[in-house]
Structures are given as structure tokens and as C-alpha cells.
file entry.cif (mmCIF, C-alpha atoms)
data_input
#
loop_
_atom_site.label_atom_id
_atom_site.label_comp_id
_atom_site.auth_asym_id
_atom_site.auth_seq_id
_atom_site.Cartn_x
_atom_site.Cartn_y
_atom_site.Cartn_z
CA MET A 14 -10.29 -11.38 17.22
CA THR A 15 -12.84 -10.90 14.51
CA ILE A 16 -12.29 -7.13 14.58
CA CYS A 17 -8.57 -7.59 13.89
CA ASP A 18 -9.22 -10.02 11.05
CA ASN A 19 -11.63 -7.58 9.42
CA ASP A 20 -9.21 -4.70 9.84
CA LEU A 21 -6.45 -6.78 8.25
CA LYS A 22 -8.69 -7.71 5.30
CA ILE A 23 -9.61 -4.06 4.77
CA LEU A 24 -5.96 -3.04 4.94
CA VAL A 25 -4.98 -5.69 2.37
CA GLN A 26 -7.78 -4.53 0.06
CA LEU A 27 -6.69 -0.89 0.41
CA ILE A 28 -3.06 -1.77 -0.32
CA SER A 29 -4.01 -3.87 -3.35
CA THR A 30 -6.27 -1.06 -4.64
CA PHE A 31 -3.47 1.46 -4.16
CA ILE A 32 -0.94 -0.76 -5.95
CA THR A 33 -3.37 -1.38 -8.83
CA ALA A 34 -4.07 2.34 -9.22
CA THR A 35 -0.35 3.16 -9.10
CA VAL A 36 0.44 0.57 -11.78
CA ALA A 37 -2.44 1.85 -13.94
CA LEU A 38 -1.18 5.45 -13.68
CA TYR A 39 2.38 4.36 -14.44
CA ILE A 40 1.22 2.47 -17.54
CA PHE A 41 -0.96 5.39 -18.67
CA PHE A 42 1.81 7.99 -18.44
CA ASN A 43 4.31 5.70 -20.18
CA TRP A 44 1.78 4.94 -22.92
CA LYS A 45 1.06 8.64 -23.38
CA LYS A 46 4.77 9.41 -23.77
CA GLN A 47 5.24 6.46 -26.11
CA LYS A 48 2.26 7.53 -28.24
CA GLY A 49 3.65 11.07 -28.50
CA THR A 50 7.00 9.63 -29.57
CA GLU A 51 5.22 7.53 -32.19
CA VAL A 52 3.38 10.56 -33.60
CA ILE A 53 6.63 12.54 -33.88
CA ALA A 54 8.38 9.55 -35.47
CA ASN A 55 5.63 9.19 -38.08
CA GLU A 56 5.59 12.91 -38.90
CA SER A 57 9.39 12.94 -39.13
CA LYS A 58 9.39 9.90 -41.39
CA GLU A 59 6.80 11.44 -43.72
CA ALA A 60 8.62 14.78 -43.80
CA ILE A 61 11.86 12.99 -44.70
CA LYS A 62 10.18 11.01 -47.49
CA GLU A 63 8.60 14.17 -48.89
CA LEU A 64 11.91 16.04 -48.67
CA LEU A 65 13.60 13.25 -50.59
CA ASP A 66 10.85 13.48 -53.23
CA MET A 67 11.56 17.20 -53.51
CA VAL A 68 15.29 16.58 -53.88
CA TYR A 69 14.53 14.13 -56.68
CA ILE A 70 12.24 16.63 -58.43
CA ALA A 71 14.79 19.43 -57.99
CA SER A 72 17.43 17.18 -59.57
CA LYS A 73 15.13 16.51 -62.51
CA LEU A 74 14.49 20.25 -62.91
CA GLU A 75 18.24 20.86 -63.02
CA GLY A 76 18.55 18.52 -66.00
CA TYR A 77 16.13 20.34 -68.28
CA LYS A 78 17.38 22.48 -71.16
CA TYR A 79 14.09 24.43 -71.43
CA HIS A 80 13.27 23.41 -74.96
CA GLN A 81 9.71 24.22 -75.93
CA GLU A 82 8.69 20.56 -75.63
CA ASP A 83 10.06 20.41 -72.05
CA LEU A 84 8.03 23.35 -70.71
CA SER A 85 4.87 21.40 -69.81
CA GLN A 86 6.93 18.78 -67.94
CA ILE A 87 8.85 21.51 -66.14
CA LYS A 88 5.58 23.17 -65.12
CA ASN A 89 4.24 19.83 -63.83
CA HIS A 90 7.41 19.21 -61.84
CA LEU A 91 7.31 22.73 -60.40
CA GLU A 92 3.68 22.24 -59.36
CA LYS A 93 4.49 18.94 -57.65
CA PHE A 94 7.59 20.48 -56.06
CA SER A 95 5.52 23.36 -54.69
CA THR A 96 2.67 21.14 -53.46
CA THR A 97 5.05 18.72 -51.76
CA GLY A 98 6.90 21.70 -50.27
CA ASP A 99 3.67 22.91 -48.67
CA LEU A 100 3.15 19.49 -47.06
CA VAL A 101 6.74 19.42 -45.80
CA ILE A 102 6.42 22.88 -44.25
CA LYS A 103 3.22 21.90 -42.44
CA ARG A 104 4.88 18.79 -41.02
CA LEU A 105 8.01 20.70 -40.02
CA TYR A 106 6.00 23.40 -38.26
CA PHE A 107 4.01 20.74 -36.41
CA ILE A 108 7.21 19.02 -35.28
CA ASN A 109 8.83 22.32 -34.34
CA GLN A 110 5.79 23.34 -32.28
CA SER A 111 5.62 19.96 -30.55
CA ILE A 112 9.21 19.20 -29.55
CA ASP A 113 12.50 20.95 -28.91
CA VAL A 114 14.98 20.30 -31.71
CA LYS A 115 18.04 22.53 -31.79
CA LYS A 116 18.47 24.47 -35.04
CA LEU A 117 15.21 23.18 -36.57
CA LYS A 118 13.54 26.61 -36.74
CA ASP A 119 16.55 28.20 -38.48
CA SER A 120 16.79 25.25 -40.84
CA ILE A 121 13.10 25.57 -41.74
CA ASP A 122 13.54 29.27 -42.51
CA ASN A 123 16.61 28.64 -44.71
CA TYR A 124 14.86 25.75 -46.42
CA GLN A 125 11.83 27.90 -47.25
CA LEU A 126 13.96 30.69 -48.71
CA ASN A 127 15.83 28.30 -50.97
CA GLU A 128 12.67 26.45 -51.98
CA ILE A 129 11.06 29.73 -53.01
CA GLY A 130 14.25 30.83 -54.79
CA LEU A 131 14.40 27.58 -56.75
CA ILE A 132 10.73 27.80 -57.73
CA ASN A 133 11.03 31.47 -58.74
CA HIS A 134 14.13 30.78 -60.77
CA HIS A 135 12.52 28.00 -62.80
CA ASP A 136 9.30 29.99 -63.11
CA LYS A 137 11.24 32.94 -64.59
CA CYS A 138 13.01 30.62 -67.01
CA ILE A 139 9.65 29.31 -68.22
CA LYS A 140 8.19 32.80 -68.70
CA ASP A 141 11.22 34.56 -70.17
CA PRO A 142 12.94 32.79 -73.06
CA PHE A 143 16.02 35.00 -72.67
CA LEU A 144 16.70 33.54 -69.22
CA ARG A 145 16.66 29.97 -70.46
CA PRO A 146 20.02 28.23 -70.30
CA ASN A 147 20.02 27.09 -73.94
CA LEU A 148 20.27 30.50 -75.62
CA SER A 149 23.54 32.41 -75.60
CA SER A 150 26.65 31.23 -73.81
CA THR A 151 26.65 34.41 -71.64
CA ASN A 152 23.07 33.91 -70.47
CA LYS A 153 23.66 30.20 -70.07
CA GLN A 154 26.67 30.71 -67.81
CA LYS A 155 24.91 33.38 -65.69
CA ASN A 156 21.68 31.37 -65.47
CA THR A 157 23.42 28.09 -64.65
CA ALA A 158 25.42 29.77 -61.89
CA SER A 159 22.31 31.19 -60.20
CA LYS A 160 20.39 27.94 -60.67
CA ASN A 161 23.21 25.95 -59.09
CA ILE A 162 23.24 28.28 -56.08
CA TYR A 163 19.53 27.77 -55.39
CA PHE A 164 19.77 24.06 -56.13
CA THR A 165 22.89 23.55 -54.01
CA GLN A 166 21.50 25.53 -51.08
CA PHE A 167 18.20 23.67 -51.29
CA ILE A 168 19.99 20.31 -51.19
CA ILE A 169 22.16 21.42 -48.25
CA ASN A 170 19.15 22.65 -46.25
CA ALA A 171 17.11 19.54 -47.03
CA ASP A 172 20.05 17.41 -45.86
CA ILE A 173 20.32 19.39 -42.61
CA ILE A 174 16.61 18.95 -41.88
CA ILE A 175 16.77 15.23 -42.69
CA SER A 176 19.72 14.79 -40.34
CA LEU A 177 17.82 16.63 -37.58
CA LEU A 178 14.68 14.50 -38.00
CA GLN A 179 16.21 11.11 -38.70
CA PRO A 180 16.93 10.17 -35.06
CA TYR A 181 13.26 10.81 -34.22
CA SER A 182 11.93 8.90 -37.22
CA THR A 183 13.90 5.80 -36.23
CA TYR A 184 13.18 6.05 -32.47
CA ARG A 185 16.88 6.58 -31.73
CA SER A 186 16.13 9.85 -29.98
CA THR A 187 13.37 10.47 -27.47
CA PRO A 188 11.63 13.77 -28.19
CA LYS A 189 11.56 16.42 -25.52
CA PHE A 190 8.00 17.73 -25.72
CA LYS A 191 7.26 21.43 -25.24
#
call {"tool": "encode", "arguments": {"input": "entry.cif", "output": "C-alpha cells"}}
result
Amino acid sequence: MTICDNDLKILVQLISTFITATVALYIFFNWKKQKGTEVIANESKEAIKELLDMVYIASKLEGYKYHQEDLSQIKNHLEKFSTTGDLVIKRLYFINQSIDVKKLKDSIDNYQLNEIGLINHHDKCIKDPFLRPNLSSTNKQKNTASKNIYFTQFIINADIIISLLQPYSTYRSTPKFK
């Protein structure tokens, strides 16, 4: 009888060890997935906030008339726009490399082109007084039209990226990791 009792005790210990190990593995893998989701949510949230900062700066740049006294402020806004843009691109590339999001890569490419176009446009206006919108009505109309194209496209692309990232930043969508 004592042999059977010992065998039963060993069996119970083995089963309890197996159950404990299974629960620990289950918790670990769920935690790992949850932590990855949290990292993506935080990066998405920061990218969205920085994109909104850039939209605000771009809107401010659109309001300038390029008077001589405005040039230093315009340069400061362009510098901040460019610096923030670099941070956004790094975050977007990280997200794009980490998870599968349909259309994110194309949206990043379009966003970058319009960001560069907007920066170059304002940079040219600073350097060349004849491109500034406050000179002749012909230059003003031509310049405003091109500025609005870059500005409008930038806003559209920023909005697309925000709409792609928003479900991840608010935990409404579970990321599919690569």
C-alpha cells in the first residue's frame, strides 16, 4: 500500500508542476504580446502628437506674408518643422518595420515628399525675395497656388497616417507583428 500512496503523491506533484509551468508560459506569452502592443501604442501616440505639431506649424507658415521682420520666425518654424519631421519619420519607420499596417509604407513615402516640398518651398521664399507672396500680384498668385498644393497635400497625408495609427494608439486594434 505504501508504494501506491507514494506513486500517487509523485503523480500529483508532477501534475501540479506541469499545470504551474503551463500557466506561467501562458502568462509570459500573453504579457509579451501585451507589452509589444503597448510599445506600438506609445510610438503611434507620439507620432500622432508630433504630426499634429507639424500640421500646426505648417498652418502658421501658411499665414506669413514674408515681410523682412517675419523671416527669422519663419526660419525658426521651418527648423522646428524639419526637426519634428525627422522624429516622425523615425517613429513611422519603426512602426512600419514592427507591424503590418496596410498602406502605411505608401503613406510614409507620400508624406515625406510633401514635407520636403513644403520645406523647400518656404526655404526658396526666404532666399529669393521675388518668390515671396507679397510682391507682385502675378508672383503672389503663382506662389500661393504652389504653396497651397504642398500644404494641402501635406495635410492630407498627415491625416491619412493619423487615421492609420489611431486605432493602435488607443488599443482599439491589435497589431499584427512581423
call {"tool": "axis_aligned_box", "arguments": {"input": "entry.cif", "around": "stretch 32-38 of chain A", "padding_each_side": "4 Å", "output": "AutoDock Vina command-line options"}}
result
--center_x -1.8 --center_y 2.0 --center_z -9.9 --size_x 12.5 --size_y 14.8 --size_z 16.0
call {"tool": "closest_atom_pairs", "arguments": {"input": "entry.cif", "of": "stretch 89-141 of chain A", "to": "stretch 35-54 of chain A", "cutoff": "10 Å", "atoms": "only C-alpha atoms", "output": "JSON lines"}}
result
{"residue": "A:Arg104", "atom": "CA", "partner": "A:Ile53", "partner_atom": "CA", "distance": 9.6}
{"residue": "A:Phe107", "atom": "CA", "partner": "A:Ile53", "partner_atom": "CA", "distance": 9.0}
{"residue": "A:Ile108", "atom": "CA", "partner": "A:Ile53", "partner_atom": "CA", "distance": 6.7}
{"residue": "A:Ser111", "atom": "CA", "partner": "A:Ile53", "partner_atom": "CA", "distance": 8.2}
{"residue": "A:Ile112", "atom": "CA", "partner": "A:Ile53", "partner_atom": "CA", "distance": 8.4}
call {"tool": "write_last_selection", "arguments": {"input": "entry.cif", "atoms": "C-alpha atoms", "output": "PDB file, in the coordinates of the input"}}
result
ATOM      1  CA  ARG A 104       4.880  18.790 -41.020  1.00  0.00           C
ATOM      2  CA  PHE A 107       4.010  20.740 -36.410  1.00  0.00           C
ATOM      3  CA  ILE A 108       7.210  19.020 -35.280  1.00  0.00           C
ATOM      4  CA  SER A 111       5.620  19.960 -30.550  1.00  0.00           C
ATOM      5  CA  ILE A 112       9.210  19.200 -29.550  1.00  0.00           C
TER       6      ILE A 112
END
call {"tool": "closest_residue", "arguments": {"input": "entry.cif", "among": "A:Leu177, A:Ile139, A:Ile87, A:Leu27", "to": "A:Asn109", "atoms": "only C-alpha atoms"}}
result
A:Leu177
call {"tool": "residues_around", "arguments": {"input": "entry.cif", "residues": "A:Ile168", "least_positions_apart": "2", "cutoff": "12 Å", "atoms": "only C-alpha atoms", "output": "CSV table (one decimal) with C-alpha atoms, in the frame of the given file"}}
result
chain,number,residue,atom,x,y,z
A,64,LEU,CA,11.9,16.0,-48.7
A,65,LEU,CA,13.6,13.2,-50.6
A,66,ASP,CA,10.8,13.5,-53.2
A,67,MET,CA,11.6,17.2,-53.5
A,68,VAL,CA,15.3,16.6,-53.9
A,69,TYR,CA,14.5,14.1,-56.7
A,70,ILE,CA,12.2,16.6,-58.4
A,71,ALA,CA,14.8,19.4,-58.0
A,72,SER,CA,17.4,17.2,-59.6
A,75,GLU,CA,18.2,20.9,-63.0
A,120,SER,CA,16.8,25.2,-40.8
A,123,ASN,CA,16.6,28.6,-44.7
A,124,TYR,CA,14.9,25.8,-46.4
A,125,GLN,CA,11.8,27.9,-47.2
A,127,ASN,CA,15.8,28.3,-51.0
A,128,GLU,CA,12.7,26.4,-52.0
A,131,LEU,CA,14.4,27.6,-56.8
A,161,ASN,CA,23.2,26.0,-59.1
A,162,ILE,CA,23.2,28.3,-56.1
A,163,TYR,CA,19.5,27.8,-55.4
A,164,PHE,CA,19.8,24.1,-56.1
A,165,THR,CA,22.9,23.6,-54.0
A,166,GLN,CA,21.5,25.5,-51.1
A,170,ASN,CA,19.2,22.6,-46.2
A,171,ALA,CA,17.1,19.5,-47.0
A,172,ASP,CA,20.0,17.4,-45.9
A,173,ILE,CA,20.3,19.4,-42.6
A,174,ILE,CA,16.6,19.0,-41.9
A,175,ILE,CA,16.8,15.2,-42.7
call {"tool": "atom_distance", "arguments": {"input": "entry.cif", "atom1": "atom CA of A:Asp141", "atom2": "atom CA of A:Gly76"}}
result
18.1 Å
call {"tool": "atom_distance", "arguments": {"input": "entry.cif", "atom1": "atom CA of A:Pro180", "atom2": "atom CA of A:Val114"}}
result
10.8 Å
call {"tool": "atom_distance", "arguments": {"input": "entry.cif", "atom1": "atom CA of A:Ser186", "atom2": "atom CA of A:Gly98"}}
result
25.2 Å
call {"tool": "resolve_selection", "arguments": {"input": "entry.cif", "expression": "the PyMOL selection byres ((chain A and resi 103) around 12)", "output": "list in words"}}
result
Glu56, Ser57, Glu59, Ala60, Glu63, Thr96, Thr97, Gly98, Asp99, Leu100, Val101, Ile102, Arg104, Leu105, Tyr106, Phe107, Ile108, Asn109, Gln110, Ile121 and Gln125 of chain A
call {"tool": "write_last_selection", "arguments": {"input": "entry.cif", "atoms": "C-alpha atoms", "output": "PDB file, keeping the file's coordinate frame"}}
result
ATOM      1  CA  GLU A  56       5.590  12.910 -38.900  1.00  0.00           C
ATOM      2  CA  SER A  57       9.390  12.940 -39.130  1.00  0.00           C
ATOM      3  CA  GLU A  59       6.800  11.440 -43.720  1.00  0.00           C
ATOM      4  CA  ALA A  60       8.620  14.780 -43.800  1.00  0.00           C
ATOM      5  CA  GLU A  63       8.600  14.170 -48.890  1.00  0.00           C
ATOM      6  CA  THR A  96       2.670  21.140 -53.460  1.00  0.00           C
ATOM      7  CA  THR A  97       5.050  18.720 -51.760  1.00  0.00           C
ATOM      8  CA  GLY A  98       6.900  21.700 -50.270  1.00  0.00           C
ATOM      9  CA  ASP A  99       3.670  22.910 -48.670  1.00  0.00           C
ATOM     10  CA  LEU A 100       3.150  19.490 -47.060  1.00  0.00           C
ATOM     11  CA  VAL A 101       6.740  19.420 -45.800  1.00  0.00           C
ATOM     12  CA  ILE A 102       6.420  22.880 -44.250  1.00  0.00           C
ATOM     13  CA  ARG A 104       4.880  18.790 -41.020  1.00  0.00           C
ATOM     14  CA  LEU A 105       8.010  20.700 -40.020  1.00  0.00           C
ATOM     15  CA  TYR A 106       6.000  23.400 -38.260  1.00  0.00           C
ATOM     16  CA  PHE A 107       4.010  20.740 -36.410  1.00  0.00           C
ATOM     17  CA  ILE A 108       7.210  19.020 -35.280  1.00  0.00           C
ATOM     18  CA  ASN A 109       8.830  22.320 -34.340  1.00  0.00           C
ATOM     19  CA  GLN A 110       5.790  23.340 -32.280  1.00  0.00           C
ATOM     20  CA  ILE A 121      13.100  25.570 -41.740  1.00  0.00           C
ATOM     21  CA  GLN A 125      11.830  27.900 -47.250  1.00  0.00           C
TER      22      GLN A 125
END
call {"tool": "resolve_selection", "arguments": {"input": "entry.cif", "expression": "the PyMOL selection byres ((chain A and resi 135) around 12)", "output": "PyMOL selection string"}}
result
chain A and resi 71+73-79+84+86-92+94-95+128-134+136-142+144-146+156-157+159-161+163-164
call {"tool": "decode", "arguments": {"input": "entry.cif", "residues": "stretch 72-182 of chain A", "atoms": "C-alpha atoms", "output": "PDB file, in the first residue's frame"}}
result
ATOM      1  CA  SER A  72      -0.598  76.277 -40.776  1.00  0.00           C
ATOM      2  CA  LYS A  73       1.423  79.037 -39.140  1.00  0.00           C
ATOM      3  CA  LEU A  74       3.845  79.056 -42.085  1.00  0.00           C
ATOM      4  CA  GLU A  75       0.918  79.455 -44.469  1.00  0.00           C
ATOM      5  CA  GLY A  76      -0.127  82.641 -42.684  1.00  0.00           C
ATOM      6  CA  TYR A  77       3.132  84.530 -43.130  1.00  0.00           C
ATOM      7  CA  LYS A  78       3.451  87.320 -45.687  1.00  0.00           C
ATOM      8  CA  TYR A  79       7.276  87.120 -45.761  1.00  0.00           C
ATOM      9  CA  HIS A  80       7.920  90.629 -44.573  1.00  0.00           C
ATOM     10  CA  GLN A  81      11.508  91.192 -43.539  1.00  0.00           C
ATOM     11  CA  GLU A  82      10.561  91.116 -39.845  1.00  0.00           C
ATOM     12  CA  ASP A  83       8.870  87.709 -40.288  1.00  0.00           C
ATOM     13  CA  LEU A  84      11.897  85.941 -41.792  1.00  0.00           C
ATOM     14  CA  SER A  85      13.559  84.920 -38.512  1.00  0.00           C
ATOM     15  CA  GLN A  86      10.272  83.483 -37.199  1.00  0.00           C
ATOM     16  CA  ILE A  87       9.734  81.640 -40.475  1.00  0.00           C
ATOM     17  CA  LYS A  88      13.246  80.181 -40.264  1.00  0.00           C
ATOM     18  CA  ASN A  89      12.610  79.065 -36.663  1.00  0.00           C
ATOM     19  CA  HIS A  90       9.320  77.438 -37.633  1.00  0.00           C
ATOM     20  CA  LEU A  91      10.957  75.698 -40.595  1.00  0.00           C
ATOM     21  CA  GLU A  92      13.723  74.372 -38.342  1.00  0.00           C
ATOM     22  CA  LYS A  93      11.202  73.040 -35.828  1.00  0.00           C
ATOM     23  CA  PHE A  94       9.083  71.613 -38.665  1.00  0.00           C
ATOM     24  CA  SER A  95      12.113  69.812 -40.097  1.00  0.00           C
ATOM     25  CA  THR A  96      13.336  68.519 -36.720  1.00  0.00           C
ATOM     26  CA  THR A  97       9.893  67.261 -35.751  1.00  0.00           C
ATOM     27  CA  GLY A  98       9.568  65.699 -39.208  1.00  0.00           C
ATOM     28  CA  ASP A  99      12.754  63.713 -38.606  1.00  0.00           C
ATOM     29  CA  LEU A 100      11.340  62.358 -35.336  1.00  0.00           C
ATOM     30  CA  VAL A 101       8.051  61.446 -37.014  1.00  0.00           C
ATOM     31  CA  ILE A 102       9.832  59.581 -39.821  1.00  0.00           C
ATOM     32  CA  LYS A 103      11.889  57.571 -37.327  1.00  0.00           C
ATOM     33  CA  ARG A 104       8.764  56.590 -35.413  1.00  0.00           C
ATOM     34  CA  LEU A 105       6.871  55.716 -38.591  1.00  0.00           C
ATOM     35  CA  TYR A 106       9.717  53.558 -39.887  1.00  0.00           C
ATOM     36  CA  PHE A 107       9.907  51.766 -36.534  1.00  0.00           C
ATOM     37  CA  ILE A 108       6.166  51.085 -36.592  1.00  0.00           C
ATOM     38  CA  ASN A 109       6.266  50.021 -40.239  1.00  0.00           C
ATOM     39  CA  GLN A 110       9.138  47.606 -39.554  1.00  0.00           C
ATOM     40  CA  SER A 111       7.417  46.166 -36.484  1.00  0.00           C
ATOM     41  CA  ILE A 112       3.825  45.571 -37.574  1.00  0.00           C
ATOM     42  CA  ASP A 113       1.758  45.086 -40.706  1.00  0.00           C
ATOM     43  CA  VAL A 114      -0.350  48.147 -41.458  1.00  0.00           C
ATOM     44  CA  LYS A 115      -1.896  48.316 -44.913  1.00  0.00           C
ATOM     45  CA  LYS A 116      -0.929  51.415 -46.902  1.00  0.00           C
ATOM     46  CA  LEU A 117       1.445  52.739 -44.216  1.00  0.00           C
ATOM     47  CA  LYS A 118       4.590  52.464 -46.367  1.00  0.00           C
ATOM     48  CA  ASP A 119       2.980  54.332 -49.287  1.00  0.00           C
ATOM     49  CA  SER A 120       1.611  56.949 -46.915  1.00  0.00           C
ATOM     50  CA  ILE A 121       5.066  57.467 -45.388  1.00  0.00           C
ATOM     51  CA  ASP A 122       6.592  57.956 -48.845  1.00  0.00           C
ATOM     52  CA  ASN A 123       3.903  60.472 -49.881  1.00  0.00           C
ATOM     53  CA  TYR A 124       4.208  62.261 -46.555  1.00  0.00           C
ATOM     54  CA  GLN A 125       7.976  62.619 -46.945  1.00  0.00           C
ATOM     55  CA  LEU A 126       7.677  64.023 -50.464  1.00  0.00           C
ATOM     56  CA  ASN A 127       5.175  66.645 -49.380  1.00  0.00           C
ATOM     57  CA  GLU A 128       7.116  67.515 -46.240  1.00  0.00           C
ATOM     58  CA  ILE A 129      10.242  68.105 -48.320  1.00  0.00           C
ATOM     59  CA  GLY A 130       8.242  70.068 -50.905  1.00  0.00           C
ATOM     60  CA  LEU A 131       6.762  72.306 -48.219  1.00  0.00           C
ATOM     61  CA  ILE A 132      10.162  72.930 -46.616  1.00  0.00           C
ATOM     62  CA  ASN A 133      11.819  73.641 -49.979  1.00  0.00           C
ATOM     63  CA  HIS A 134       9.048  75.998 -50.984  1.00  0.00           C
ATOM     64  CA  HIS A 135       9.324  78.104 -47.825  1.00  0.00           C
ATOM     65  CA  ASP A 136      13.116  77.944 -47.972  1.00  0.00           C
ATOM     66  CA  LYS A 137      13.072  79.341 -51.533  1.00  0.00           C
ATOM     67  CA  CYS A 138      10.705  82.105 -50.467  1.00  0.00           C
ATOM     68  CA  ILE A 139      13.106  83.111 -47.706  1.00  0.00           C
ATOM     69  CA  LYS A 140      16.138  83.152 -50.016  1.00  0.00           C
ATOM     70  CA  ASP A 141      14.560  84.729 -53.093  1.00  0.00           C
ATOM     71  CA  PRO A 142      12.556  87.915 -52.491  1.00  0.00           C
ATOM     72  CA  PHE A 143      10.931  87.618 -55.930  1.00  0.00           C
ATOM     73  CA  LEU A 144       9.209  84.380 -54.891  1.00  0.00           C
ATOM     74  CA  ARG A 145       7.654  85.915 -51.813  1.00  0.00           C
ATOM     75  CA  PRO A 146       3.878  86.207 -51.963  1.00  0.00           C
ATOM     76  CA  ASN A 147       3.758  89.917 -51.080  1.00  0.00           C
ATOM     77  CA  LEU A 148       5.426  91.319 -54.214  1.00  0.00           C
ATOM     78  CA  SER A 149       3.529  91.439 -57.487  1.00  0.00           C
ATOM     79  CA  SER A 150       0.053  90.044 -57.959  1.00  0.00           C
ATOM     80  CA  THR A 151       1.339  87.618 -60.659  1.00  0.00           C
ATOM     81  CA  ASN A 152       4.041  86.174 -58.407  1.00  0.00           C
ATOM     82  CA  LYS A 153       1.664  86.144 -55.470  1.00  0.00           C
ATOM     83  CA  GLN A 154      -0.951  84.136 -57.343  1.00  0.00           C
ATOM     84  CA  LYS A 155       1.609  81.647 -58.727  1.00  0.00           C
ATOM     85  CA  ASN A 156       3.391  81.303 -55.376  1.00  0.00           C
ATOM     86  CA  THR A 157       0.183  80.926 -53.369  1.00  0.00           C
ATOM     87  CA  ALA A 158      -1.057  78.229 -55.727  1.00  0.00           C
ATOM     88  CA  SER A 159       2.118  76.151 -55.377  1.00  0.00           C
ATOM     89  CA  LYS A 160       2.237  76.720 -51.616  1.00  0.00           C
ATOM     90  CA  ASN A 161      -1.356  75.582 -51.236  1.00  0.00           C
ATOM     91  CA  ILE A 162      -0.620  72.396 -53.187  1.00  0.00           C
ATOM     92  CA  TYR A 163       2.254  71.418 -50.883  1.00  0.00           C
ATOM     93  CA  PHE A 164       0.327  72.489 -47.809  1.00  0.00           C
ATOM     94  CA  THR A 165      -2.879  70.713 -48.851  1.00  0.00           C
ATOM     95  CA  GLN A 166      -1.063  67.509 -49.790  1.00  0.00           C
ATOM     96  CA  PHE A 167       0.905  67.580 -46.548  1.00  0.00           C
ATOM     97  CA  ILE A 168      -2.303  67.928 -44.513  1.00  0.00           C
ATOM     98  CA  ILE A 169      -3.991  65.119 -46.469  1.00  0.00           C
ATOM     99  CA  ASN A 170      -1.033  62.748 -45.982  1.00  0.00           C
ATOM    100  CA  ALA A 171      -0.703  63.600 -42.298  1.00  0.00           C
ATOM    101  CA  ASP A 172      -4.421  62.897 -41.873  1.00  0.00           C
ATOM    102  CA  ILE A 173      -4.084  59.526 -43.632  1.00  0.00           C
ATOM    103  CA  ILE A 174      -1.187  58.497 -41.387  1.00  0.00           C
ATOM    104  CA  ILE A 175      -3.040  59.634 -38.266  1.00  0.00           C
ATOM    105  CA  SER A 176      -6.092  57.609 -39.270  1.00  0.00           C
ATOM    106  CA  LEU A 177      -3.889  54.540 -39.849  1.00  0.00           C
ATOM    107  CA  LEU A 178      -2.161  54.854 -36.458  1.00  0.00           C
ATOM    108  CA  GLN A 179      -5.058  55.982 -34.297  1.00  0.00           C
ATOM    109  CA  PRO A 180      -6.587  52.514 -33.732  1.00  0.00           C
ATOM    110  CA  TYR A 181      -3.206  51.287 -32.443  1.00  0.00           C
ATOM    111  CA  SER A 182      -2.628  54.309 -30.208  1.00  0.00           C
TER     112      SER A 182
END
